[in-house]
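Here is the structure we will look at, set down as structure tokens.
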Amino acid sequence: MSANFVYLAYLVAAVLFILTLKGLSSPMTSRRGNMFGMIGMAIAVLTTLSLTHNVGLIVLAIMVGGTVGSVVARRVEMTQMPEMVAAMHSLVGLAAVLVAMAAFNNPVAYGIALPGEMLHSSNRIELFIGTFVGAITFTGSIIAFLKLSARLSGKPLRFAGQHWLNLGLGISMLGFGIAFFLSPSWTPFLIMTAIALLLGVLLIMPIGGADMPVVISMLNSYSGWAAAGIGFTLNNNMLIIAGSLVGSSGAILSYIMCRAMNRAFLNVILGGFGGGEAAAASDDGVQKTYRSGSADDAAFLMGNADSVIIVPGYGLAVARAQHAIKEMSNALTSKGVKVRYAIHPVAGRMPGHMNVLLAEAEVPYEQVVEMDEINNEFADTDVVLVIGANDVVNPAAKNDKSSPIYGMPILEVHKARTVLVVKRSMATGYAGLDNDLFYMDKTMMVFGDAKKVVEDVIKALA
Amino acid sequence: MSGVVDPFVMNLTVFVLAIFIGYHVVWNVTPALHTPLMAVTNAVSGIIIVGAMLAAKPEEMDIGTILGLVAVALAAVNVFGGFLVTQRMLSMFKKKGK
């Protein structure tokens, strides 16, 4: 097959990938977009297959990987999506490292060096970049996966001199990269890869659970840049285009997540919250009082309201309460109550996490409203039900200049007539801050597991 | 100006333009679909399979082709897993009154 034909096929695949992302601008067009993506990938794979000699073995490898992927995709629960996405990022990272090693092993086979020739100097730089980004993505994503699936504590792990250690490792990795550039051989290549693998672990360990939306978006971005970096090495436009699309997508998501927390990207990555520095700073010694009630009280209040807004948070995912919530809102709707859901951009453990859970429970997406659109409506709302969310509804972010989260955009639920908060206990949220919302006169706390409370409310409504 | 353009410059051109396209397209993605976006970009980054297949290309087997085959399998997990789970998620986003 001629090289021109191959590149034209890659062009078609690239356009299809762009249409895939474009389709996601609305749920209506998104399924068609996903179909375009599959066709694009099939074109890219089949075209490349025609260039290879080991067709049988390659098809076998695709079948093995494809079977694993298909089974996981079918079995994974929606509450586990963040883990699955993190695990998949790690695979791309590892694949990028393996391809880089193969390219270095036999550059002639890739047509990036003539027989008997060394790898070109610009290819060496690209190979270095693709490898270390891939390696960091690989181990970093494994740590993110372990934290998200609670196999590792979600608590940030910090120790003295951490940043200096990372800086030292980063510089030495660069040093071996330069050594590799000057005289390409396996020793500096492998050492720099090992350092990058270690850096991936050290960079993600200090980051806590609620910052995961940023981390997972960042790793998403890295997996794209790693693919693009390998594309530079192999002079392959397909890899460069697809990698850049993914890379910029992840970068934008990271930016959106940081903005939703009013924090600088570096501040999140280097770890700013949850280290105990700011914890309990606002405690002035006065015992504050709060009102608590039962699920029956909550059912009474919501059943008699005209409008209810439900604010779901990570606690909803933990308790797997999405189906119960949907059942509850059905019961309320049948009583003539207008029910909607308000979503904060960083609710949950990954961008859009809550939307997927609610969609799984068959909540129509018109009822699910983003923060900017619904914030004006809380003042006209009878009852707000906060379920498993804390920092994203803390009024201190608007009122208290001394608060560490001051300036963070929040759902302004404190403006509603009545606020119900479902929570396990009075414990603080991720930022370690007390929440004034819980002590307001209009607030009623309902203690217990989110799913259990919601089920009790359903019984009381019947 | 004379001579042949270095492949690096051509690569860079494609790279920069692709970033611009990605930037504009992704800003239009509705926030409700950010999780499917991450899943589908997972599948798209499985495009590394193309590099892996090229690594497994040579007729005579050596360490490079074996690494390539392993990478093909890993990337295939992403391609199949990513697209299928995205499809599963997107089929859940329904309008009221099916």
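Within each chain, counting starts at residue 1; across the structure tokens, chains are named A, B, ... in the order shown, with ligands numbered 1 upward in that order.
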
Residues near Ala43 (chain B), anyone? I mean within 9 Å using only C-alpha atoms, not counting same-chain ones fewer than 2 positions away, as a PDB file with all heavy atoms, in the first residue's frame.
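Now in around-v7.pdb:
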ATOM      1  N   GLY A  37     -16.133   7.748  16.083  1.00  0.00           N
ATOM      2  CA  GLY A  37     -14.842   7.426  16.699  1.00  0.00           C
ATOM      3  C   GLY A  37     -14.455   5.972  16.435  1.00  0.00           C
ATOM      4  O   GLY A  37     -13.312   5.667  16.098  1.00  0.00           O
ATOM      5  N   MET A  38     -15.441   5.076  16.567  1.00  0.00           N
ATOM      6  CA  MET A  38     -15.150   3.652  16.334  1.00  0.00           C
ATOM      7  C   MET A  38     -14.737   3.428  14.883  1.00  0.00           C
ATOM      8  O   MET A  38     -13.797   2.681  14.600  1.00  0.00           O
ATOM      9  CB  MET A  38     -16.389   2.814  16.637  1.00  0.00           C
ATOM     10  CG  MET A  38     -16.763   2.791  18.102  1.00  0.00           C
ATOM     11  SD  MET A  38     -18.106   1.610  18.333  1.00  0.00           S
ATOM     12  CE  MET A  38     -18.828   2.212  19.829  1.00  0.00           C
ATOM     13  N   MET A  41     -11.224   4.701  14.348  1.00  0.00           N
ATOM     14  CA  MET A  41     -10.216   3.803  14.903  1.00  0.00           C
ATOM     15  C   MET A  41     -10.065   2.567  14.022  1.00  0.00           C
ATOM     16  O   MET A  41      -8.943   2.100  13.774  1.00  0.00           O
ATOM     17  CB  MET A  41     -10.611   3.414  16.329  1.00  0.00           C
ATOM     18  CG  MET A  41      -9.557   2.660  17.101  1.00  0.00           C
ATOM     19  SD  MET A  41      -7.985   3.548  17.265  1.00  0.00           S
ATOM     20  CE  MET A  41      -8.345   4.690  18.601  1.00  0.00           C
ATOM     21  N   MET A  88      -7.216   2.919  32.607  1.00  0.00           N
ATOM     22  CA  MET A  88      -6.969   2.970  31.163  1.00  0.00           C
ATOM     23  C   MET A  88      -5.883   3.978  30.805  1.00  0.00           C
ATOM     24  O   MET A  88      -5.121   3.773  29.865  1.00  0.00           O
ATOM     25  CB  MET A  88      -8.277   3.248  30.429  1.00  0.00           C
ATOM     26  CG  MET A  88      -9.147   2.004  30.485  1.00  0.00           C
ATOM     27  SD  MET A  88     -10.758   2.087  29.723  1.00  0.00           S
ATOM     28  CE  MET A  88     -10.504   3.092  28.356  1.00  0.00           C
TER      29      MET A  88
ATOM     30  N   MET B  38     -14.099  11.895  28.885  1.00  0.00           N
ATOM     31  CA  MET B  38     -12.853  11.274  29.348  1.00  0.00           C
ATOM     32  C   MET B  38     -12.763   9.833  28.866  1.00  0.00           C
ATOM     33  O   MET B  38     -11.694   9.366  28.481  1.00  0.00           O
ATOM     34  CB  MET B  38     -12.778  11.298  30.867  1.00  0.00           C
ATOM     35  CG  MET B  38     -12.679  12.693  31.399  1.00  0.00           C
ATOM     36  SD  MET B  38     -12.066  12.694  33.067  1.00  0.00           S
ATOM     37  CE  MET B  38     -10.354  12.724  32.735  1.00  0.00           C
ATOM     38  N   ALA B  39     -13.885   9.133  28.868  1.00  0.00           N
ATOM     39  CA  ALA B  39     -13.861   7.729  28.437  1.00  0.00           C
ATOM     40  C   ALA B  39     -13.552   7.637  26.949  1.00  0.00           C
ATOM     41  O   ALA B  39     -12.770   6.789  26.521  1.00  0.00           O
ATOM     42  CB  ALA B  39     -15.194   7.070  28.757  1.00  0.00           C
ATOM     43  N   VAL B  40     -14.134   8.539  26.159  1.00  0.00           N
ATOM     44  CA  VAL B  40     -13.908   8.440  24.720  1.00  0.00           C
ATOM     45  C   VAL B  40     -12.492   8.914  24.368  1.00  0.00           C
ATOM     46  O   VAL B  40     -11.857   8.365  23.464  1.00  0.00           O
ATOM     47  CB  VAL B  40     -15.004   9.180  23.912  1.00  0.00           C
ATOM     48  CG1 VAL B  40     -14.704  10.641  23.738  1.00  0.00           C
ATOM     49  CG2 VAL B  40     -15.148   8.534  22.539  1.00  0.00           C
ATOM     50  N   THR B  41     -11.961   9.879  25.122  1.00  0.00           N
ATOM     51  CA  THR B  41     -10.579  10.272  24.839  1.00  0.00           C
ATOM     52  C   THR B  41      -9.620   9.156  25.254  1.00  0.00           C
ATOM     53  O   THR B  41      -8.558   9.002  24.665  1.00  0.00           O
ATOM     54  CB  THR B  41     -10.182  11.593  25.540  1.00  0.00           C
ATOM     55  OG1 THR B  41     -10.520  11.515  26.911  1.00  0.00           O
ATOM     56  CG2 THR B  41     -10.854  12.775  24.901  1.00  0.00           C
ATOM     57  N   SER B  45      -6.956   7.859  22.732  1.00  0.00           N
ATOM     58  CA  SER B  45      -5.520   7.782  23.016  1.00  0.00           C
ATOM     59  C   SER B  45      -5.016   6.360  22.824  1.00  0.00           C
ATOM     60  O   SER B  45      -3.815   6.129  22.727  1.00  0.00           O
ATOM     61  CB  SER B  45      -5.184   8.322  24.407  1.00  0.00           C
ATOM     62  OG  SER B  45      -5.807   7.556  25.398  1.00  0.00           O
ATOM     63  N   GLY B  46      -5.956   5.420  22.701  1.00  0.00           N
ATOM     64  CA  GLY B  46      -5.586   4.069  22.287  1.00  0.00           C
ATOM     65  C   GLY B  46      -5.007   4.034  20.884  1.00  0.00           C
ATOM     66  O   GLY B  46      -4.548   2.994  20.425  1.00  0.00           O
ATOM     67  N   ILE B  47      -4.988   5.186  20.205  1.00  0.00           N
ATOM     68  CA  ILE B  47      -4.374   5.297  18.881  1.00  0.00           C
ATOM     69  C   ILE B  47      -2.894   4.923  18.950  1.00  0.00           C
ATOM     70  O   ILE B  47      -2.291   4.602  17.920  1.00  0.00           O
ATOM     71  CB  ILE B  47      -4.528   6.743  18.334  1.00  0.00           C
ATOM     72  CG1 ILE B  47      -4.200   6.809  16.839  1.00  0.00           C
ATOM     73  CG2 ILE B  47      -3.646   7.729  19.075  1.00  0.00           C
ATOM     74  CD1 ILE B  47      -5.190   6.097  15.974  1.00  0.00           C
ATOM     75  N   ALA B  75      -3.043  -1.396  24.261  1.00  0.00           N
ATOM     76  CA  ALA B  75      -3.798  -0.330  23.613  1.00  0.00           C
ATOM     77  C   ALA B  75      -5.176  -0.825  23.185  1.00  0.00           C
ATOM     78  O   ALA B  75      -6.153  -0.067  23.211  1.00  0.00           O
ATOM     79  CB  ALA B  75      -3.020   0.210  22.419  1.00  0.00           C
ATOM     80  N   ALA B  76      -5.264  -2.119  22.814  1.00  0.00           N
ATOM     81  CA  ALA B  76      -6.564  -2.670  22.400  1.00  0.00           C
ATOM     82  C   ALA B  76      -7.553  -2.662  23.559  1.00  0.00           C
ATOM     83  O   ALA B  76      -8.751  -2.462  23.363  1.00  0.00           O
ATOM     84  CB  ALA B  76      -6.388  -4.085  21.851  1.00  0.00           C
ATOM     85  N   VAL B  77      -7.047  -2.856  24.780  1.00  0.00           N
ATOM     86  CA  VAL B  77      -7.924  -2.761  25.950  1.00  0.00           C
ATOM     87  C   VAL B  77      -8.580  -1.383  25.970  1.00  0.00           C
ATOM     88  O   VAL B  77      -9.794  -1.240  26.160  1.00  0.00           O
ATOM     89  CB  VAL B  77      -7.135  -2.982  27.264  1.00  0.00           C
ATOM     90  CG1 VAL B  77      -8.044  -2.777  28.469  1.00  0.00           C
ATOM     91  CG2 VAL B  77      -6.511  -4.359  27.301  1.00  0.00           C
ATOM     92  N   ASN B  78      -7.767  -0.361  25.735  1.00  0.00           N
ATOM     93  CA  ASN B  78      -8.283   1.006  25.753  1.00  0.00           C
ATOM     94  C   ASN B  78      -9.266   1.266  24.633  1.00  0.00           C
ATOM     95  O   ASN B  78     -10.299   1.891  24.831  1.00  0.00           O
ATOM     96  CB  ASN B  78      -7.123   1.990  25.604  1.00  0.00           C
ATOM     97  CG  ASN B  78      -6.662   2.496  26.931  1.00  0.00           C
ATOM     98  OD1 ASN B  78      -6.516   1.709  27.847  1.00  0.00           O
ATOM     99  ND2 ASN B  78      -6.472   3.774  27.046  1.00  0.00           N
ATOM    100  N   VAL B  79      -8.914   0.807  23.442  1.00  0.00           N
ATOM    101  CA  VAL B  79      -9.762   1.075  22.281  1.00  0.00           C
ATOM    102  C   VAL B  79     -11.140   0.451  22.497  1.00  0.00           C
ATOM    103  O   VAL B  79     -12.165   1.138  22.420  1.00  0.00           O
ATOM    104  CB  VAL B  79      -9.107   0.531  20.998  1.00  0.00           C
ATOM    105  CG1 VAL B  79     -10.089   0.571  19.849  1.00  0.00           C
ATOM    106  CG2 VAL B  79      -7.854   1.331  20.662  1.00  0.00           C
ATOM    107  N   PHE B  80     -11.157  -0.846  22.798  1.00  0.00           N
ATOM    108  CA  PHE B  80     -12.445  -1.523  22.962  1.00  0.00           C
ATOM    109  C   PHE B  80     -13.151  -1.044  24.228  1.00  0.00           C
ATOM    110  O   PHE B  80     -14.320  -0.677  24.199  1.00  0.00           O
ATOM    111  CB  PHE B  80     -12.244  -3.043  22.999  1.00  0.00           C
ATOM    112  CG  PHE B  80     -12.031  -3.642  21.641  1.00  0.00           C
ATOM    113  CD1 PHE B  80     -10.811  -3.510  20.993  1.00  0.00           C
ATOM    114  CD2 PHE B  80     -13.054  -4.312  21.003  1.00  0.00           C
ATOM    115  CE1 PHE B  80     -10.616  -4.054  19.735  1.00  0.00           C
ATOM    116  CE2 PHE B  80     -12.866  -4.857  19.738  1.00  0.00           C
ATOM    117  CZ  PHE B  80     -11.642  -4.727  19.108  1.00  0.00           C
ATOM    118  N   GLY B  81     -12.413  -1.054  25.351  1.00  0.00           N
ATOM    119  CA  GLY B  81     -13.019  -0.643  26.616  1.00  0.00           C
ATOM    120  C   GLY B  81     -13.539   0.778  26.544  1.00  0.00           C
ATOM    121  O   GLY B  81     -14.650   1.062  26.982  1.00  0.00           O
ATOM    122  N   GLY B  82     -12.743   1.676  25.986  1.00  0.00           N
ATOM    123  CA  GLY B  82     -13.117   3.093  25.942  1.00  0.00           C
ATOM    124  C   GLY B  82     -14.366   3.343  25.120  1.00  0.00           C
ATOM    125  O   GLY B  82     -15.310   3.982  25.581  1.00  0.00           O
ATOM    126  N   PHE B  83     -14.386   2.828  23.904  1.00  0.00           N
ATOM    127  CA  PHE B  83     -15.551   3.098  23.053  1.00  0.00           C
ATOM    128  C   PHE B  83     -16.810   2.413  23.596  1.00  0.00           C
ATOM    129  O   PHE B  83     -17.896   3.001  23.585  1.00  0.00           O
ATOM    130  CB  PHE B  83     -15.291   2.645  21.616  1.00  0.00           C
ATOM    131  CG  PHE B  83     -14.452   3.616  20.823  1.00  0.00           C
ATOM    132  CD1 PHE B  83     -13.250   3.229  20.257  1.00  0.00           C
ATOM    133  CD2 PHE B  83     -14.871   4.934  20.656  1.00  0.00           C
ATOM    134  CE1 PHE B  83     -12.475   4.124  19.531  1.00  0.00           C
ATOM    135  CE2 PHE B  83     -14.101   5.837  19.923  1.00  0.00           C
ATOM    136  CZ  PHE B  83     -12.896   5.431  19.364  1.00  0.00           C
ATOM    137  N   LEU B  84     -16.662   1.173  24.084  1.00  0.00           N
ATOM    138  CA  LEU B  84     -17.857   0.457  24.541  1.00  0.00           C
ATOM    139  C   LEU B  84     -18.440   1.076  25.804  1.00  0.00           C
ATOM    140  O   LEU B  84     -19.654   1.206  25.938  1.00  0.00           O
ATOM    141  CB  LEU B  84     -17.526  -1.022  24.770  1.00  0.00           C
ATOM    142  CG  LEU B  84     -17.260  -1.797  23.482  1.00  0.00           C
ATOM    143  CD1 LEU B  84     -16.884  -3.231  23.799  1.00  0.00           C
ATOM    144  CD2 LEU B  84     -18.476  -1.757  22.566  1.00  0.00           C
ATOM    145  N   THR B  86     -18.147   4.136  26.712  1.00  0.00           N
ATOM    146  CA  THR B  86     -18.735   5.422  26.328  1.00  0.00           C
ATOM    147  C   THR B  86     -20.129   5.206  25.753  1.00  0.00           C
ATOM    148  O   THR B  86     -21.082   5.911  26.106  1.00  0.00           O
ATOM    149  CB  THR B  86     -17.844   6.123  25.284  1.00  0.00           C
ATOM    150  OG1 THR B  86     -16.517   6.202  25.780  1.00  0.00           O
ATOM    151  CG2 THR B  86     -18.345   7.529  24.998  1.00  0.00           C
TER     152      THR B  86
END

Problem set entry | Who sits within 12 Å of Phe15 (chain B), only C-alpha atoms, same chain under 3 positions skipped, as an MDAnalysis selection string | (chainID A and resid 224:225 227:229 231:232 235:248) or (chainID B and resid 8:12 18:22)

Expected file contents, prior selection, C-alpha atoms, as a JSON list (two decimals), in the first residue's frame:
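result_29.json written:
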[["chain", "number", "residue", "atom", "x", "y", "z"],
["A", 224, "GLY", "CA", -2.56, 12.19, 24.96],
["A", 225, "TRP", "CA", 0.77, 14.03, 25.00],
["A", 227, "ALA", "CA", 0.88, 9.40, 22.23],
["A", 228, "ALA", "CA", 1.68, 12.64, 20.40],
["A", 229, "GLY", "CA", 5.32, 12.46, 21.55],
["A", 231, "GLY", "CA", 4.01, 10.31, 16.93],
["A", 232, "PHE", "CA", 6.83, 12.86, 16.62],
["A", 235, "ASN", "CA", 6.87, 10.88, 12.11],
["A", 236, "ASN", "CA", 3.30, 9.63, 12.28],
["A", 237, "ASN", "CA", 0.56, 12.23, 11.85],
["A", 238, "MET", "CA", -2.18, 9.93, 13.09],
["A", 239, "LEU", "CA", -0.56, 9.67, 16.51],
["A", 240, "ILE", "CA", 0.21, 13.38, 16.61],
["A", 241, "ILE", "CA", -3.34, 14.47, 15.78],
["A", 242, "ALA", "CA", -5.19, 12.01, 18.00],
["A", 243, "GLY", "CA", -2.70, 12.56, 20.83],
["A", 244, "SER", "CA", -3.07, 16.34, 20.64],
["A", 245, "LEU", "CA", -6.86, 16.11, 20.69],
["A", 246, "VAL", "CA", -6.73, 14.02, 23.85],
["A", 247, "GLY", "CA", -3.99, 16.18, 25.36],
["A", 248, "SER", "CA", -5.88, 19.42, 24.89],
["B", 8, "PHE", "CA", 10.06, 17.73, 12.63],
["B", 9, "VAL", "CA", 8.74, 21.00, 11.21],
["B", 10, "MET", "CA", 5.92, 19.21, 9.42],
["B", 11, "ASN", "CA", 5.09, 17.31, 12.61],
["B", 12, "LEU", "CA", 5.08, 20.53, 14.60],
["B", 18, "ALA", "CA", -4.50, 19.79, 16.06],
["B", 19, "ILE", "CA", -4.21, 21.44, 19.48],
["B", 20, "PHE", "CA", -6.18, 24.41, 18.20],
["B", 21, "ILE", "CA", -8.93, 22.15, 16.88],
["B", 22, "GLY", "CA", -8.98, 20.17, 20.12]]

For this session: With a distance cut-off of 12 Å and only C-alpha atoms, select the neighbouring residues of Arg259 (chain A), excluding the residue or stretch itself and same-chain residues fewer than 2 positions from it, and output the selection as an NGL selection string.
Result: :A and (213-214 or 252-257 or 261-265 or 267-268 or 344-346 or 407-410)

Output file for the residues above (C-alpha atoms, as a compact mmCIF listing (two decimals), in the first residue's frame):
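See part_28.txt below for the written result:
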# COMPACT_ATOMS: atom_id res chain seq x y z
CA PRO A 213 -10.99 15.41 39.38
CA VAL A 214 -7.94 17.54 38.61
CA ILE A 252 -9.16 21.95 29.38
CA LEU A 253 -10.86 19.64 31.86
CA SER A 254 -8.04 20.24 34.35
CA TYR A 255 -8.50 23.97 33.90
CA ILE A 256 -12.29 23.74 34.38
CA MET A 257 -11.82 21.67 37.55
CA MET A 261 -12.18 25.06 43.09
CA ASN A 262 -10.72 28.54 42.65
CA ARG A 263 -7.23 27.11 42.87
CA ALA A 264 -4.15 27.32 40.73
CA PHE A 265 -3.20 24.12 38.92
CA ASN A 267 -1.38 24.49 43.97
CA VAL A 268 -3.47 21.36 43.46
CA HIS A 344 -21.22 21.43 41.04
CA PRO A 345 -18.38 20.90 38.53
CA VAL A 346 -16.15 19.15 41.07
CA GLY A 407 -13.60 32.71 46.29
CA MET A 408 -14.45 29.17 45.27
CA PRO A 409 -17.70 29.12 43.28
CA ILE A 410 -20.38 27.32 45.27

For this session: Extract the full set of helix (DSSP H, G or I) residues from region 37-77 of chain B according to DSSP on the backbone, and format it as a ChimeraX atom specification.
Result: /B:37-45,48-55,63-77

With C-alpha atoms retained, export the selected residues as an mmCIF file, in the first residue's frame.
data_model
loop_
_atom_site.group_PDB
_atom_site.id
_atom_site.type_symbol
_atom_site.label_atom_id
_atom_site.label_comp_id
_atom_site.auth_asym_id
_atom_site.auth_seq_id
_atom_site.Cartn_x
_atom_site.Cartn_y
_atom_site.Cartn_z
ATOM 1 C CA LEU B 37 -15.574 12.736 27.153
ATOM 2 C CA MET B 38 -12.853 11.274 29.348
ATOM 3 C CA ALA B 39 -13.861 7.729 28.437
ATOM 4 C CA VAL B 40 -13.908 8.440 24.720
ATOM 5 C CA THR B 41 -10.579 10.272 24.839
ATOM 6 C CA ASN B 42 -9.263 7.170 26.587
ATOM 7 C CA ALA B 43 -10.322 5.202 23.549
ATOM 8 C CA VAL B 44 -8.848 7.783 21.172
ATOM 9 C CA SER B 45 -5.520 7.782 23.016
ATOM 10 C CA ILE B 48 -0.960 4.439 20.308
ATOM 11 C CA ILE B 49 -1.977 1.026 18.921
ATOM 12 C CA VAL B 50 -0.850 2.323 15.521
ATOM 13 C CA GLY B 51 2.651 2.902 16.886
ATOM 14 C CA ALA B 52 2.538 -0.463 18.619
ATOM 15 C CA MET B 53 1.540 -2.255 15.420
ATOM 16 C CA LEU B 54 4.416 -0.610 13.579
ATOM 17 C CA ALA B 55 6.728 -1.781 16.365
ATOM 18 C CA ILE B 63 12.708 -7.902 21.661
ATOM 19 C CA GLY B 64 11.257 -4.891 19.802
ATOM 20 C CA THR B 65 8.516 -6.846 18.058
ATOM 21 C CA ILE B 66 7.588 -8.561 21.326
ATOM 22 C CA LEU B 67 7.344 -5.196 23.101
ATOM 23 C CA GLY B 68 5.243 -4.018 20.191
ATOM 24 C CA LEU B 69 2.840 -6.949 20.486
ATOM 25 C CA VAL B 70 2.424 -6.365 24.227
ATOM 26 C CA ALA B 71 1.734 -2.696 23.523
ATOM 27 C CA VAL B 72 -0.849 -3.672 20.875
ATOM 28 C CA ALA B 73 -2.714 -5.750 23.462
ATOM 29 C CA LEU B 74 -2.584 -2.952 26.065
ATOM 30 C CA ALA B 75 -3.798 -0.330 23.613
ATOM 31 C CA ALA B 76 -6.564 -2.670 22.400
ATOM 32 C CA VAL B 77 -7.924 -2.761 25.950
#

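Close contacts of region 184-187 of chain A, defined as residues with an atom at most 9 Å away when counting only C-alpha atoms, with chain neighbours fewer than 6 positions off set aside, comprise Phe104, Asn105, Met118, Leu119, Arg124 and Phe176 of chain A.
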
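Closest approach to chain A among B:Asp62, B:Met92, B:Gly3, B:His24 is made by B:Met92 (distances from only C-alpha atoms).
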
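Of the listed residues (A:Ala342, A:Ile216, A:Ala416, A:Leu385), A:Leu385 comes nearest to Met328 (chain A); the distances count only C-alpha atoms.
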
Leaving out Thr381 (chain A) and any residue of its chain fewer than 6 positions from it, which residues lie within 10 Å of it when counting only C-alpha atoms, given as a PDB file with N, CA, C and O atoms, in the first residue's frame?
ATOM      1  N   ALA A 305     -43.613  20.863  49.669  1.00  0.00           N
ATOM      2  CA  ALA A 305     -42.961  21.972  48.961  1.00  0.00           C
ATOM      3  C   ALA A 305     -43.488  22.076  47.539  1.00  0.00           C
ATOM      4  O   ALA A 305     -44.077  21.139  47.007  1.00  0.00           O
ATOM      5  N   ASP A 306     -43.318  23.255  46.939  1.00  0.00           N
ATOM      6  CA  ASP A 306     -43.618  23.407  45.511  1.00  0.00           C
ATOM      7  C   ASP A 306     -42.421  22.983  44.671  1.00  0.00           C
ATOM      8  O   ASP A 306     -42.556  22.449  43.590  1.00  0.00           O
ATOM      9  N   SER A 307     -41.220  23.340  45.183  1.00  0.00           N
ATOM     10  CA  SER A 307     -40.019  23.049  44.399  1.00  0.00           C
ATOM     11  C   SER A 307     -38.923  22.506  45.305  1.00  0.00           C
ATOM     12  O   SER A 307     -38.740  22.985  46.417  1.00  0.00           O
ATOM     13  N   VAL A 308     -38.234  21.498  44.805  1.00  0.00           N
ATOM     14  CA  VAL A 308     -37.120  20.886  45.531  1.00  0.00           C
ATOM     15  C   VAL A 308     -35.925  20.814  44.599  1.00  0.00           C
ATOM     16  O   VAL A 308     -36.075  20.449  43.432  1.00  0.00           O
ATOM     17  N   ILE A 309     -34.761  21.224  45.108  1.00  0.00           N
ATOM     18  CA  ILE A 309     -33.528  21.028  44.336  1.00  0.00           C
ATOM     19  C   ILE A 309     -32.643  20.065  45.112  1.00  0.00           C
ATOM     20  O   ILE A 309     -32.407  20.253  46.309  1.00  0.00           O
ATOM     21  N   LYS A 338     -41.981  20.175  41.998  1.00  0.00           N
ATOM     22  CA  LYS A 338     -41.019  20.318  40.900  1.00  0.00           C
ATOM     23  C   LYS A 338     -39.625  19.947  41.416  1.00  0.00           C
ATOM     24  O   LYS A 338     -39.112  20.588  42.327  1.00  0.00           O
ATOM     25  N   VAL A 413     -26.945  27.238  48.069  1.00  0.00           N
ATOM     26  CA  VAL A 413     -28.128  26.606  48.650  1.00  0.00           C
ATOM     27  C   VAL A 413     -28.613  27.334  49.906  1.00  0.00           C
ATOM     28  O   VAL A 413     -29.771  27.221  50.281  1.00  0.00           O
ATOM     29  N   LYS A 415     -29.440  30.175  50.218  1.00  0.00           N
ATOM     30  CA  LYS A 415     -30.474  31.158  49.893  1.00  0.00           C
ATOM     31  C   LYS A 415     -31.870  30.547  49.841  1.00  0.00           C
ATOM     32  O   LYS A 415     -32.859  31.266  49.778  1.00  0.00           O
ATOM     33  N   ALA A 416     -31.952  29.232  49.839  1.00  0.00           N
ATOM     34  CA  ALA A 416     -33.260  28.577  49.757  1.00  0.00           C
ATOM     35  C   ALA A 416     -34.021  28.750  51.069  1.00  0.00           C
ATOM     36  O   ALA A 416     -33.440  29.113  52.090  1.00  0.00           O
ATOM     37  N   ARG A 417     -35.341  28.465  51.049  1.00  0.00           N
ATOM     38  CA  ARG A 417     -36.146  28.671  52.259  1.00  0.00           C
ATOM     39  C   ARG A 417     -35.804  27.641  53.322  1.00  0.00           C
ATOM     40  O   ARG A 417     -35.695  27.985  54.496  1.00  0.00           O
ATOM     41  N   THR A 418     -35.652  26.401  52.915  1.00  0.00           N
ATOM     42  CA  THR A 418     -35.280  25.342  53.867  1.00  0.00           C
ATOM     43  C   THR A 418     -34.172  24.500  53.253  1.00  0.00           C
ATOM     44  O   THR A 418     -34.192  24.243  52.058  1.00  0.00           O
ATOM     45  N   VAL A 419     -33.208  24.118  54.084  1.00  0.00           N
ATOM     46  CA  VAL A 419     -32.118  23.279  53.601  1.00  0.00           C
ATOM     47  C   VAL A 419     -32.090  21.988  54.414  1.00  0.00           C
ATOM     48  O   VAL A 419     -32.093  22.023  55.641  1.00  0.00           O
TER      49      VAL A 419
END

Problem set entry | Residue neighbourhood region 129-138 of chain A, 7 Å, only C-alpha atoms, exclusion window fewer than 3 positions, as JSON, numbers by chain | {"A": [89, 90, 91, 93, 94, 96, 97, 100, 125, 126, 141, 142, 193, 196, 197, 199, 200, 219, 222, 223, 226, 229, 230]}
